[in-house]
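*Asks:* Please see the structure below; I have some questions.
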Amino acid sequence: MLIGAGVALVVALGALWTFREEREDCNEKWINFSKYGLKYDLETKLYGQHVAAQVILKTVTGFMNNENPKKPLVLSFHGSTGTGKTFASQLIAKNIYKKKTISSFVHLFSVTAHFPHKEKIDTYKTQLQEWIRGNVSNCPRSMFIFDEMDKMHPGLIDIIKPYLDFSDNLDRVLYKKAIFIFLSDAGGVKINEVTMKFWRDGREREEIQLKDIEKELSQSVFNNEDSGLRHTSLIDKKLVDFFVPFLPLEYKHFIQCGLAEMARQGLPPDNSAIKRLADELTFFPKEERVFSDQGCKLIANKLPFFI
Ligand SMILES: Nc1ncnc2c1ncn2[C@@H]1O[C@H](COP(=O)(O)OP(=O)(O)OP(=O)(O)O)[C@@H](O)[C@H]1O
Ligand SMILES: *[C@@H]1O[C@H](CO)[C@@H](O)[C@H](O)[C@H]1NC(C)=O
Ligand SMILES: *[C@@H]1O[C@H](CO)[C@@H](O)[C@H](O)[C@H]1NC(C)=O
Ligand SMILES: [Mg+2]
C-alpha cells in the first residue's frame, strides 16, 4: 500500500515536472535553428523546387545566424496551387521552433478566413496591429505567415509595412528578429510559362535560376490587374527581401509526393495506385501531360480511393 502510494506520488511529481517542462518560452531551449535540419528537409522532402530550396536555405540561415539583423526577414512565396508553398513554410518553422508549426511563436493568418469582410477593415487593422505588436513583444523571434496574400486588402498591407521596414526600434520592440512569409498564387502563371519554355527548349529544369524568373515575377505580380498586391508599395520600397518562385510540379514529382503520402499514412509503397490516381487528374500541356495542374494538392484526400 505504502509503496503503491509512494510510486503514485513519484509518478504524479514526474507528470507535474513534465508539464512544467512543456511550457514554451522565448529562449534557446525552444527556439534553436538547425541549418542542417532545414537543408536535409529541403533536399529530401520538398520535391522539384531547387530554386525555392536554395533561396530559403540561404536567407533563413543567414538571418537566423545573425544575432542583430538590420530588418526582419521578409519572403514572398509564389506559385500555382499545390506546389509546396505552405509545406515549405512549415519546414522552416519546424527547423526553428522545437514545437514546430504548433509553436505559440508561429502565427498563421489566412486572409480569407481572418479578414473576410471589406467593411470591417478598420477593426482588422487595429486587431492585426495589436497582434503583431503583442506577439513580437512577447517574443522577437516570431514568425508570421500570411496565406492568400494577394487577396489582402491594400489597407491591411499598409498596416504591416512599418514592421517590415528598417525603422530601428519601432515602439521600443525589436521587430528586426521576426520572419514574415507571404504566400500567394499570384505570378503562378508566369512561373509556369518560364518553366514550360525551358522544357520546350529541351533544357534541364535544374538550369532554371532565380534570375530567370524573379524580374518577370515581381512585374507580373505588381502590375497585374487581378493581383491584390498591385496597389501596394511593398516592392518599390524594397520591403520584400526575396520573391521565391515555386515551379509547377512534374509527373515524377507527383509520384514522389504520392509515395511520401503513403508512408505518412502508414501504407506500403504502391506506384501503380499513384499512377491510377494521376490518370484521373489533369496535367499540362494536354498532349504531353508533363506538369500537374493541381501540384500535389489532392493526393492526400484522393489516395484512399486508389488502393
Ligand atoms: N514540392 C513539394 N514537395 C513535396 N510535397 C509537396 C510539394 N508540394 C506539395 N506537396 C504536398 O502537397 C500538400 C499541399 O501542398 P501545399 O499546401 O504546400 O501547396 P500550396 O503551394 O500551399 O498550395 P495553395 O496555393 O493551394 O495553398 C503538402 O502538404 C505536401 O504534402
Ligand atoms: C540546439 O541544437 C543543437 C543541435 O542542432 C544542440 O547541439 C544544442 O544543444 C541545442 N541547444 C539548446 C539550447 O537546446
Ligand atoms: C498573437 O497572435 C494571435 C493570432 O495568431 C492572437 O490571437 C493573439 O492575441 C496575439 N497575442 C498577443 C499578445 O497579441
Ligand atoms: Mg498554401
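So you can find residues: chains in the C-alpha cells are A, B, ... in the order shown, residues in each start at 1, and ligands are numbered from 1 in order.
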Can you pull out every residue with an atom within 9 Å of ligand 4? Use only C-alpha atoms and all ligand atoms and format it as a tab-separated table (two decimals) with C-alpha atoms, in the first residue's frame.
*Replies:*
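After the write, result22.tsv holds the following:
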chain	number	residue	atom	x	y	z
A	81	THR	CA	-1.73	25.59	-56.23
A	82	GLY	CA	-0.21	22.53	-54.57
A	83	THR	CA	3.42	23.30	-55.42
A	84	GLY	CA	4.56	23.35	-51.78
A	85	LYS	CA	4.36	26.96	-50.57
A	86	THR	CA	2.57	26.17	-47.33
A	87	PHE	CA	4.62	22.99	-46.92
A	147	ASP	CA	-1.73	32.98	-46.67
A	148	GLU	CA	-3.59	34.28	-49.76
A	183	LEU	CA	2.03	33.10	-49.64
A	184	SER	CA	0.09	33.58	-52.85
A	185	ASP	CA	-0.80	32.11	-56.22
*Asks:* Output the neighbourhood of ligand 2 as a PyMOL selection string, that is, all protein and nucleic acid residues with some atom at most 9 Å from the ligand, counting only C-alpha atoms and all ligand atoms.
*Replies:* chain A and resi 27-37+98
*Asks:* Would you give me, as a Markdown table, each residue of chain A having an atom within 7 Å of an atom of ligand 3, along with its shortest atom pair and that distance in Å to one decimal, using only C-alpha atoms and all ligand atoms and sorting by chain and residue number?
*Replies:*
| residue | atom | partner | partner_atom_place_in_ligand_line | distance |
| --- | --- | --- | --- | --- |
| A:His107 | CA | ligand 3 | 5 (O) | 4.4 |
| A:Leu108 | CA | ligand 3 | 5 (O) | 6.1 |
| A:Phe109 | CA | ligand 3 | 5 (O) | 6.9 |
| A:Glu130 | CA | ligand 3 | 14 (O) | 5.6 |
| A:Trp131 | CA | ligand 3 | 14 (O) | 3.8 |
| A:Ile132 | CA | ligand 3 | 14 (O) | 6.4 |
| A:Arg133 | CA | ligand 3 | 14 (O) | 6.5 |
| A:Gly134 | CA | ligand 3 | 14 (O) | 3.6 |
| A:Asn135 | CA | ligand 3 | 12 (C) | 4.6 |
| A:Asn138 | CA | ligand 3 | 13 (C) | 6.6 |
*Asks:* To test your reading of the structure, identify every residue in segment 59-92 of chain A that backbone DSSP assigns to alpha helix (DSSP H), and report it as JSON, numbers by chain.
*Replies:* {"A": [59, 60, 61, 62, 63, 64, 85, 86, 87, 88, 89, 90, 91, 92]}
*Asks:* Could you dump the residues just selected with N, CA and C atoms as a PDB file, in the first residue's frame?
*Replies:*
ATOM      1  N   THR A  59      18.745  32.384 -47.198  1.00  0.00           N
ATOM      2  CA  THR A  59      18.239  33.553 -46.486  1.00  0.00           C
ATOM      3  C   THR A  59      17.905  33.221 -45.030  1.00  0.00           C
ATOM      4  N   VAL A  60      17.270  32.091 -44.802  1.00  0.00           N
ATOM      5  CA  VAL A  60      16.880  31.761 -43.426  1.00  0.00           C
ATOM      6  C   VAL A  60      18.128  31.499 -42.574  1.00  0.00           C
ATOM      7  N   THR A  61      19.104  30.791 -43.139  1.00  0.00           N
ATOM      8  CA  THR A  61      20.337  30.531 -42.388  1.00  0.00           C
ATOM      9  C   THR A  61      21.052  31.831 -42.053  1.00  0.00           C
ATOM     10  N   GLY A  62      21.220  32.673 -43.065  1.00  0.00           N
ATOM     11  CA  GLY A  62      21.903  33.949 -42.847  1.00  0.00           C
ATOM     12  C   GLY A  62      21.197  34.765 -41.773  1.00  0.00           C
ATOM     13  N   PHE A  63      19.887  34.772 -41.854  1.00  0.00           N
ATOM     14  CA  PHE A  63      19.106  35.582 -40.921  1.00  0.00           C
ATOM     15  C   PHE A  63      19.145  35.019 -39.502  1.00  0.00           C
ATOM     16  N   MET A  64      18.964  33.728 -39.373  1.00  0.00           N
ATOM     17  CA  MET A  64      18.901  33.118 -38.036  1.00  0.00           C
ATOM     18  C   MET A  64      20.269  33.116 -37.342  1.00  0.00           C
ATOM     19  N   LYS A  85       4.100  25.684 -51.267  1.00  0.00           N
ATOM     20  CA  LYS A  85       4.363  26.963 -50.574  1.00  0.00           C
ATOM     21  C   LYS A  85       4.088  26.831 -49.078  1.00  0.00           C
ATOM     22  N   THR A  86       2.901  26.353 -48.738  1.00  0.00           N
ATOM     23  CA  THR A  86       2.572  26.170 -47.326  1.00  0.00           C
ATOM     24  C   THR A  86       3.509  25.146 -46.686  1.00  0.00           C
ATOM     25  N   PHE A  87       3.742  24.064 -47.396  1.00  0.00           N
ATOM     26  CA  PHE A  87       4.620  22.990 -46.921  1.00  0.00           C
ATOM     27  C   PHE A  87       6.023  23.528 -46.610  1.00  0.00           C
ATOM     28  N   ALA A  88       6.566  24.354 -47.510  1.00  0.00           N
ATOM     29  CA  ALA A  88       7.915  24.914 -47.294  1.00  0.00           C
ATOM     30  C   ALA A  88       7.933  25.818 -46.069  1.00  0.00           C
ATOM     31  N   SER A  89       6.862  26.588 -45.865  1.00  0.00           N
ATOM     32  CA  SER A  89       6.830  27.471 -44.694  1.00  0.00           C
ATOM     33  C   SER A  89       6.787  26.627 -43.416  1.00  0.00           C
ATOM     34  N   GLN A  90       6.154  25.454 -43.502  1.00  0.00           N
ATOM     35  CA  GLN A  90       6.128  24.543 -42.339  1.00  0.00           C
ATOM     36  C   GLN A  90       7.510  23.950 -42.074  1.00  0.00           C
ATOM     37  N   LEU A  91       8.249  23.659 -43.152  1.00  0.00           N
ATOM     38  CA  LEU A  91       9.595  23.114 -42.973  1.00  0.00           C
ATOM     39  C   LEU A  91      10.501  24.146 -42.290  1.00  0.00           C
ATOM     40  N   ILE A  92      10.318  25.406 -42.621  1.00  0.00           N
ATOM     41  CA  ILE A  92      11.113  26.466 -41.973  1.00  0.00           C
ATOM     42  C   ILE A  92      10.782  26.502 -40.478  1.00  0.00           C
TER      43      ILE A  92
END
*Asks:* Enumerate, in order of chain and increasing residue number, the residues of segment 18-71 of chain A with an atom no farther than 10 Å from segment 204-217 of chain A, each with its shortest atom pair and distance in Å to one decimal, counting only C-alpha atoms, as a Markdown table.
*Replies:*
| residue | atom | partner | partner_atom | distance |
| --- | --- | --- | --- | --- |
| A:Gly48 | CA | A:Arg205 | CA | 8.6 |
| A:Gln49 | CA | A:Glu206 | CA | 9.0 |
| A:His50 | CA | A:Glu206 | CA | 6.9 |
| A:Val51 | CA | A:Leu210 | CA | 6.1 |
| A:Ala52 | CA | A:Leu210 | CA | 8.2 |
| A:Gln54 | CA | A:Leu210 | CA | 9.3 |
| A:Val55 | CA | A:Leu210 | CA | 8.2 |
